[in-house]
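Just below is one structure, and these are the notes that go with it.
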Amino acid sequence: AQKVTQAQTEISVVEKEDVTLDCVYETRDTTYYLFWYKQPPSGELVFLIRRNSFDEQNEISGRYSWNFQKSTSSFNFTITASQVVDSAVYFCALSEAGANNLFFGTGTRLTVIP
Amino acid sequence: DTGVSQNPRHKITKRGQNVTFRCDPISEHNRLYWYRQTLGQGPEFLTYFQNEAQLEKSRLLSDRFSAERPKGSFSTLEIQRTEQGDSAMYLCASTGRGETQYFGPGTRLLVL
(Lines give C-alpha, C1' and ligand atoms only; values in the text may rest on other atoms or scores of the structure.)
Protein backbone atom coordinates (compact mmCIF):
# COMPACT_ATOMS: atom_id res chain seq x y z
CA ALA A 1 0.00 0.00 0.00
CA GLN A 2 1.18 3.49 -0.70
CA LYS A 3 1.63 6.05 2.02
CA VAL A 4 3.03 9.57 2.27
CA THR A 5 3.99 11.00 5.63
CA GLN A 6 4.61 14.65 6.30
CA ALA A 7 5.36 14.63 9.99
CA GLN A 8 5.64 18.39 10.32
CA THR A 9 2.13 19.78 10.63
CA GLU A 10 3.16 23.42 10.99
CA ILE A 11 6.44 25.29 10.75
CA SER A 12 7.13 28.94 11.44
CA VAL A 13 10.32 30.68 10.39
CA VAL A 14 11.51 34.24 10.29
CA GLU A 15 12.01 35.74 6.87
CA LYS A 16 15.37 34.93 5.27
CA GLU A 17 15.81 31.74 7.27
CA ASP A 18 16.19 28.43 5.48
CA VAL A 19 13.56 25.76 6.06
CA THR A 20 13.28 22.08 5.14
CA LEU A 21 9.99 20.28 4.72
CA ASP A 22 10.17 16.53 5.22
CA CYS A 23 8.42 13.86 3.18
CA VAL A 24 8.68 10.12 3.70
CA TYR A 25 6.89 7.70 1.40
CA GLU A 26 6.05 4.02 1.18
CA THR A 27 5.40 2.04 -1.95
CA ARG A 28 5.90 -1.51 -3.18
CA ASP A 29 6.45 -0.40 -6.75
CA THR A 30 9.89 0.10 -8.20
CA THR A 31 8.58 2.71 -10.63
CA TYR A 32 6.85 5.68 -9.13
CA TYR A 33 6.70 9.46 -9.20
CA LEU A 34 7.05 11.96 -6.39
CA PHE A 35 5.65 15.47 -6.42
CA TRP A 36 5.56 18.63 -4.37
CA TYR A 37 2.65 21.06 -4.60
CA LYS A 38 2.11 24.44 -2.96
CA GLN A 39 -1.35 25.50 -1.79
CA PRO A 40 -1.54 29.21 -0.98
CA PRO A 41 -4.54 30.64 0.90
CA SER A 42 -6.42 31.00 -2.40
CA GLY A 43 -6.70 27.21 -2.48
CA GLU A 44 -5.23 26.34 -5.85
CA LEU A 45 -2.62 23.58 -5.87
CA VAL A 46 0.49 24.82 -7.65
CA PHE A 47 2.83 22.20 -9.11
CA LEU A 48 6.44 22.62 -8.00
CA ILE A 49 8.36 19.51 -9.02
CA ARG A 50 8.07 15.92 -10.22
CA ARG A 51 10.70 13.24 -9.74
CA ASN A 52 10.64 9.69 -11.04
CA SER A 53 12.04 6.83 -9.01
CA PHE A 54 14.98 6.29 -11.32
CA ASP A 55 16.26 9.82 -11.03
CA GLU A 56 17.89 10.48 -7.68
CA GLN A 57 19.62 13.63 -8.76
CA ASN A 58 18.89 16.48 -6.47
CA GLU A 59 17.40 19.52 -8.09
CA ILE A 60 17.69 23.22 -7.48
CA SER A 61 15.36 25.85 -8.85
CA GLY A 62 16.10 29.30 -7.58
CA ARG A 63 15.55 29.30 -3.82
CA TYR A 64 13.99 25.83 -3.93
CA SER A 65 15.89 22.57 -3.75
CA TRP A 66 14.84 18.96 -3.41
CA ASN A 67 16.72 16.03 -1.91
CA PHE A 68 15.53 12.60 -3.09
CA GLN A 69 16.99 9.60 -1.24
CA LYS A 70 15.62 6.19 -2.10
CA SER A 71 17.63 4.57 0.69
CA THR A 72 15.54 6.39 3.27
CA SER A 73 12.39 6.77 1.11
CA SER A 74 12.52 10.51 1.55
CA PHE A 75 11.92 13.45 -0.75
CA ASN A 76 12.65 16.58 1.24
CA PHE A 77 12.11 20.15 0.12
CA THR A 78 14.27 23.07 1.20
CA ILE A 79 13.51 26.75 0.77
CA THR A 80 16.52 29.00 1.25
CA ALA A 81 16.20 32.63 2.30
CA SER A 82 12.48 32.24 2.91
CA GLN A 83 10.09 35.03 2.00
CA VAL A 84 6.63 35.95 3.23
CA VAL A 85 5.20 34.86 -0.15
CA ASP A 86 6.39 31.32 0.63
CA SER A 87 3.72 31.07 3.34
CA ALA A 88 1.40 28.26 2.24
CA VAL A 89 0.57 24.62 2.79
CA TYR A 90 2.98 22.32 1.00
CA PHE A 91 1.96 18.83 -0.06
CA CYS A 92 4.13 15.90 -1.00
CA ALA A 93 2.45 13.31 -3.24
CA LEU A 94 3.18 9.89 -4.72
CA SER A 95 1.96 8.26 -7.90
CA GLU A 96 2.72 4.65 -8.72
CA ALA A 97 3.36 3.68 -12.32
CA GLY A 98 0.11 2.68 -13.96
CA ALA A 99 -1.96 4.27 -11.22
CA ASN A 100 -4.38 7.01 -12.13
CA ASN A 101 -4.26 9.09 -9.00
CA LEU A 102 -1.94 11.00 -6.75
CA PHE A 103 -1.70 9.98 -3.12
CA PHE A 104 -1.08 13.02 -0.94
CA GLY A 105 0.41 13.56 2.47
CA THR A 106 -1.45 15.67 5.01
CA GLY A 107 0.61 18.74 4.22
CA THR A 108 2.90 21.09 6.11
CA ARG A 109 1.71 24.62 6.81
CA LEU A 110 4.64 27.01 6.48
CA THR A 111 4.38 30.49 7.94
CA VAL A 112 7.14 32.96 7.17
CA ILE A 113 7.17 35.81 9.64
CA PRO A 114 8.40 39.17 8.37
CA ASP B 1 -5.66 31.71 -19.56
CA THR B 2 -4.90 28.12 -20.47
CA GLY B 3 -5.05 26.60 -16.98
CA VAL B 4 -7.69 24.34 -15.47
CA SER B 5 -10.83 26.26 -14.60
CA GLN B 6 -13.61 25.31 -12.21
CA ASN B 7 -17.05 26.77 -11.63
CA PRO B 8 -18.49 27.84 -9.35
CA ARG B 9 -15.67 28.77 -7.00
CA HIS B 10 -17.97 28.69 -4.00
CA LYS B 11 -21.30 26.99 -3.38
CA ILE B 12 -23.51 27.11 -0.31
CA THR B 13 -26.46 24.75 -0.28
CA LYS B 14 -28.93 23.26 2.13
CA ARG B 15 -28.79 19.64 3.14
CA GLY B 16 -30.74 17.48 0.75
CA GLN B 17 -30.23 19.69 -2.30
CA ASN B 18 -28.38 18.61 -5.43
CA VAL B 19 -25.29 20.47 -6.62
CA THR B 20 -23.25 20.31 -9.81
CA PHE B 21 -19.71 21.49 -10.38
CA ARG B 22 -17.95 22.01 -13.69
CA CYS B 23 -14.30 21.55 -14.63
CA ASP B 24 -12.67 22.70 -17.86
CA PRO B 25 -9.26 21.04 -18.23
CA ILE B 26 -6.25 22.40 -20.02
CA SER B 27 -6.91 22.28 -23.73
CA GLU B 28 -5.98 18.94 -25.31
CA HIS B 29 -5.41 17.23 -21.97
CA ASN B 30 -7.10 13.88 -22.35
CA ARG B 31 -6.95 12.81 -18.72
CA LEU B 32 -9.07 14.44 -16.03
CA TYR B 33 -9.27 13.79 -12.30
CA TRP B 34 -11.54 14.82 -9.44
CA TYR B 35 -10.33 15.07 -5.85
CA ARG B 36 -11.93 16.07 -2.57
CA GLN B 37 -10.07 17.96 0.13
CA THR B 38 -11.39 18.39 3.66
CA LEU B 39 -9.98 20.83 6.19
CA GLY B 40 -6.47 19.99 7.30
CA GLN B 41 -6.10 17.07 4.92
CA GLY B 42 -4.50 16.44 1.59
CA PRO B 43 -6.65 15.93 -1.50
CA GLU B 44 -8.22 12.49 -1.87
CA PHE B 45 -8.85 10.91 -5.24
CA LEU B 46 -12.45 10.53 -6.36
CA THR B 47 -12.48 9.58 -10.03
CA TYR B 48 -10.54 9.59 -13.30
CA PHE B 49 -11.45 10.03 -16.96
CA GLN B 50 -9.47 9.27 -20.05
CA ASN B 51 -11.20 11.19 -22.79
CA GLU B 52 -14.91 10.53 -22.19
CA ALA B 53 -14.43 7.18 -20.43
CA GLN B 54 -14.63 7.07 -16.64
CA LEU B 55 -11.95 4.49 -15.91
CA GLU B 56 -11.62 4.57 -12.17
CA LYS B 57 -13.76 5.48 -9.17
CA SER B 58 -12.69 5.64 -5.56
CA ARG B 59 -14.78 4.01 -2.86
CA LEU B 60 -15.16 7.55 -1.54
CA LEU B 61 -17.48 8.16 -4.48
CA SER B 62 -20.77 7.05 -2.99
CA ASP B 63 -23.85 6.43 -5.10
CA ARG B 64 -24.92 10.02 -4.45
CA PHE B 65 -21.97 11.20 -6.53
CA SER B 66 -21.83 11.04 -10.30
CA ALA B 67 -19.31 12.42 -12.72
CA GLU B 68 -19.44 12.79 -16.48
CA ARG B 69 -17.23 13.93 -19.29
CA PRO B 70 -19.59 13.66 -22.23
CA LYS B 71 -17.40 14.86 -25.08
CA GLY B 72 -14.01 14.27 -23.57
CA SER B 73 -13.57 17.95 -22.82
CA PHE B 74 -15.21 19.50 -19.74
CA SER B 75 -16.44 17.40 -16.85
CA THR B 76 -19.21 17.73 -14.31
CA LEU B 77 -19.44 16.35 -10.79
CA GLU B 78 -22.92 16.09 -9.30
CA ILE B 79 -23.77 15.40 -5.69
CA GLN B 80 -27.34 14.40 -5.00
CA ARG B 81 -29.08 14.79 -1.65
CA THR B 82 -26.14 16.64 -0.15
CA GLU B 83 -25.11 15.94 3.43
CA GLN B 84 -23.12 18.10 5.82
CA GLY B 85 -20.23 15.68 5.47
CA ASP B 86 -19.98 16.60 1.80
CA SER B 87 -18.68 20.03 2.78
CA ALA B 88 -15.17 20.20 1.28
CA MET B 89 -13.08 21.64 -1.50
CA TYR B 90 -13.58 19.78 -4.77
CA LEU B 91 -10.52 19.92 -6.99
CA CYS B 92 -10.15 19.04 -10.63
CA ALA B 93 -6.86 18.27 -12.36
CA SER B 94 -5.82 17.37 -15.87
CA THR B 95 -2.85 15.70 -17.52
CA GLY B 96 -1.57 15.53 -21.03
CA ARG B 97 1.18 13.17 -22.11
CA GLY B 98 3.21 13.42 -18.92
CA GLU B 99 2.52 12.35 -15.38
CA THR B 100 2.08 15.78 -13.88
CA GLN B 101 -1.42 16.72 -12.81
CA TYR B 102 -2.28 20.40 -13.05
CA PHE B 103 -4.98 21.54 -10.70
CA GLY B 104 -7.75 24.08 -10.95
CA PRO B 105 -8.69 26.57 -8.23
CA GLY B 106 -11.31 24.25 -6.75
CA THR B 107 -14.96 24.59 -5.78
CA ARG B 108 -15.54 25.14 -2.09
CA LEU B 109 -18.82 23.52 -1.02
CA LEU B 110 -20.61 24.29 2.23
CA VAL B 111 -23.67 22.23 3.11
CA LEU B 112 -25.83 23.82 5.80
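All residue names refer to the C-alpha coordinates as shown: chains lettered A, B, ... in order, residues numbered from 1 in each chain, ligands numbered from 1 in order.
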Identify every residue of chain A that has at least one atom within 6 Å of any atom of chain B, counting only C-alpha atoms, and report the result as an MDAnalysis selection string.
chainID A and resid 44:45 104:106
As a PyMOL selection string, please: every residue in segment 16-106 of chain A that DSSP puts in strand (DSSP E).
chain A and resi 19-21+24-26+32-39+46-52+59-61+64-69+74-79+88-96+103-104
File dump, residues just selected, N, CA and C atoms, as a CSV table (one decimal), in the first residue's frame:
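File again_13.csv, as written:
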chain,number,residue,atom,x,y,z
A,19,VAL,N,14.5,26.7,5.4
A,19,VAL,CA,13.6,25.8,6.1
A,19,VAL,C,13.5,24.5,5.2
A,20,THR,N,13.4,23.4,5.8
A,20,THR,CA,13.3,22.1,5.1
A,20,THR,C,12.0,21.4,5.5
A,21,LEU,N,11.2,21.0,4.5
A,21,LEU,CA,10.0,20.3,4.7
A,21,LEU,C,10.2,18.8,4.4
A,24,VAL,N,8.3,11.5,3.7
A,24,VAL,CA,8.7,10.1,3.7
A,24,VAL,C,7.6,9.3,3.0
A,25,TYR,N,7.9,8.4,2.2
A,25,TYR,CA,6.9,7.7,1.4
A,25,TYR,C,7.1,6.2,1.5
A,26,GLU,N,6.0,5.5,1.2
A,26,GLU,CA,6.0,4.0,1.2
A,26,GLU,C,5.4,3.6,-0.1
A,32,TYR,N,7.8,4.8,-9.7
A,32,TYR,CA,6.8,5.7,-9.1
A,32,TYR,C,7.3,7.1,-9.3
A,33,TYR,N,6.4,8.0,-9.0
A,33,TYR,CA,6.7,9.5,-9.2
A,33,TYR,C,6.4,10.2,-7.9
A,34,LEU,N,7.2,11.1,-7.6
A,34,LEU,CA,7.0,12.0,-6.4
A,34,LEU,C,6.9,13.4,-6.8
A,35,PHE,N,6.0,14.1,-6.1
A,35,PHE,CA,5.6,15.5,-6.4
A,35,PHE,C,5.6,16.3,-5.2
A,36,TRP,N,5.9,17.6,-5.4
A,36,TRP,CA,5.6,18.6,-4.4
A,36,TRP,C,4.6,19.7,-5.0
A,37,TYR,N,3.6,20.0,-4.2
A,37,TYR,CA,2.6,21.1,-4.6
A,37,TYR,C,2.6,22.1,-3.5
A,38,LYS,N,2.3,23.3,-3.9
A,38,LYS,CA,2.1,24.4,-3.0
A,38,LYS,C,0.7,24.9,-3.0
A,39,GLN,N,0.0,25.0,-1.8
A,39,GLN,CA,-1.3,25.5,-1.8
A,39,GLN,C,-1.4,26.8,-1.0
A,46,VAL,N,-0.5,24.4,-6.7
A,46,VAL,CA,0.5,24.8,-7.6
A,46,VAL,C,1.6,23.8,-7.7
A,47,PHE,N,1.8,23.2,-8.9
A,47,PHE,CA,2.8,22.2,-9.1
A,47,PHE,C,4.2,22.8,-8.9
A,48,LEU,N,5.1,22.1,-8.2
A,48,LEU,CA,6.4,22.6,-8.0
A,48,LEU,C,7.5,21.7,-8.7
A,49,ILE,N,7.4,20.4,-8.5
A,49,ILE,CA,8.4,19.5,-9.0
A,49,ILE,C,7.8,18.1,-9.1
A,50,ARG,N,8.3,17.3,-10.1
A,50,ARG,CA,8.1,15.9,-10.2
A,50,ARG,C,9.4,15.2,-10.4
A,51,ARG,N,9.5,14.1,-9.7
A,51,ARG,CA,10.7,13.2,-9.7
A,51,ARG,C,10.3,11.8,-10.0
A,52,ASN,N,11.0,11.1,-10.9
A,52,ASN,CA,10.6,9.7,-11.0
A,52,ASN,C,11.6,8.9,-10.2
A,59,GLU,N,17.7,18.4,-7.2
A,59,GLU,CA,17.4,19.5,-8.1
A,59,GLU,C,17.3,20.8,-7.4
A,60,ILE,N,17.8,21.9,-8.0
A,60,ILE,CA,17.7,23.2,-7.5
A,60,ILE,C,17.0,24.1,-8.5
A,61,SER,N,16.0,24.9,-8.0
A,61,SER,CA,15.4,25.8,-8.8
A,61,SER,C,15.2,27.1,-8.1
A,64,TYR,N,14.5,27.1,-4.3
A,64,TYR,CA,14.0,25.8,-3.9
A,64,TYR,C,15.0,24.7,-4.3
A,65,SER,N,15.1,23.7,-3.4
A,65,SER,CA,15.9,22.6,-3.7
A,65,SER,C,15.2,21.3,-3.2
A,66,TRP,N,15.5,20.2,-3.8
A,66,TRP,CA,14.8,19.0,-3.4
A,66,TRP,C,15.9,17.9,-3.3
A,67,ASN,N,15.8,17.1,-2.2
A,67,ASN,CA,16.7,16.0,-1.9
A,67,ASN,C,16.0,14.7,-1.9
A,68,PHE,N,16.2,13.9,-2.9
A,68,PHE,CA,15.5,12.6,-3.1
A,68,PHE,C,16.5,11.5,-2.7
A,69,GLN,N,16.1,10.7,-1.7
A,69,GLN,CA,17.0,9.6,-1.2
A,69,GLN,C,16.2,8.3,-1.2
A,74,SER,N,12.8,9.1,1.2
A,74,SER,CA,12.5,10.5,1.5
A,74,SER,C,12.7,11.4,0.3
A,75,PHE,N,11.9,12.5,0.3
A,75,PHE,CA,11.9,13.4,-0.8
A,75,PHE,C,11.7,14.8,-0.1
A,76,ASN,N,12.8,15.4,0.5
A,76,ASN,CA,12.6,16.6,1.2
A,76,ASN,C,12.8,17.8,0.4
A,77,PHE,N,12.2,18.9,0.9
A,77,PHE,CA,12.1,20.1,0.1
A,77,PHE,C,12.7,21.3,1.0
A,78,THR,N,13.7,22.0,0.5
A,78,THR,CA,14.3,23.1,1.2
A,78,THR,C,14.0,24.4,0.5
A,79,ILE,N,13.6,25.4,1.3
A,79,ILE,CA,13.5,26.7,0.8
A,79,ILE,C,14.6,27.6,1.5
A,88,ALA,N,2.4,29.1,2.9
A,88,ALA,CA,1.4,28.3,2.2
A,88,ALA,C,1.4,26.9,2.9
A,89,VAL,N,0.5,26.0,2.4
A,89,VAL,CA,0.6,24.6,2.8
A,89,VAL,C,1.3,23.9,1.7
A,90,TYR,N,2.2,23.1,2.0
A,90,TYR,CA,3.0,22.3,1.0
A,90,TYR,C,2.7,20.8,1.1
A,91,PHE,N,2.3,20.2,0.0
A,91,PHE,CA,2.0,18.8,-0.1
A,91,PHE,C,3.0,18.0,-0.9
A,92,CYS,N,3.3,16.9,-0.3
A,92,CYS,CA,4.1,15.9,-1.0
A,92,CYS,C,3.1,14.8,-1.5
A,93,ALA,N,3.4,14.3,-2.7
A,93,ALA,CA,2.5,13.3,-3.2
A,93,ALA,C,3.2,12.2,-4.0
A,94,LEU,N,2.6,11.1,-4.1
A,94,LEU,CA,3.2,9.9,-4.7
A,94,LEU,C,2.2,9.4,-5.8
A,95,SER,N,2.8,8.9,-6.9
A,95,SER,CA,2.0,8.3,-7.9
A,95,SER,C,2.7,7.0,-8.3
A,96,GLU,N,2.1,5.9,-8.3
A,96,GLU,CA,2.7,4.6,-8.7
A,96,GLU,C,2.5,4.5,-10.2
A,103,PHE,N,-1.4,10.2,-4.5
A,103,PHE,CA,-1.7,10.0,-3.1
A,103,PHE,C,-0.9,11.0,-2.3
A,104,PHE,N,-1.7,11.9,-1.6
A,104,PHE,CA,-1.1,13.0,-0.9
A,104,PHE,C,-0.8,12.8,0.5
Under the rule that only C-alpha atoms are counted, which of A:Ser82, A:Gly62, A:Asp22, A:Thr31 is the nearest residue to Gln8 of chain A?
A:Asp22
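Near Pro114 of chain A, within 9 Å and counting only C-alpha atoms, sit A:Val13, A:Val14, A:Glu15, A:Lys16, A:Gln83, A:Val84; same-chain residues fewer than 6 positions away were not included.
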What does the distance from atom CA of Asn100 of chain A to atom CA of Asp63 of chain B come to in Å, to one decimal?
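So the answer is 20.7 Å.
Using only C-alpha atoms, the nearest neighbour of Thr5 of chain A within the list A:Thr80, A:Ser87, A:Thr111, A:Ser73 is A:Ser73.
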Would you kindly return, as a list in words, each protein, DNA or RNA residue with an atom no farther than 9 Å from any atom of Ala67 of chain B, considering only C-alpha atoms and excluding same-chain residues fewer than 5 positions away?
Trp34, Thr47, Gln54, Ser75, Thr76, Leu77, Glu78 and Ile79 of chain B
Would you compute the distance between atom CA of Leu110 of chain A and atom CA of Leu39 of chain B? Give it in Å to one decimal.
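Interatomic distance here is 15.9 Å.
Atom pair atom CA of Gly98 of chain B / atom CA of Asn101 of chain A: separated by 13.1 Å.
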Per DSSP on the backbone, filter chain A down to the residues in helix (DSSP H, G or I) and report them as a VMD selection string.
chain A and resid 70 to 72 84 to 86
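Among the candidate residues B:Phe74, B:Val111, B:Arg69, B:Thr13, the one lying nearest to Ser87 of chain B is B:Val111, with distances computed using only C-alpha atoms.
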Using only C-alpha atoms, which residues sit within 8 Å of Ala88 of chain B once same-chain residues fewer than 4 positions away are excluded, as an MDAnalysis selection string?
chainID B and resid 36:39 108:110
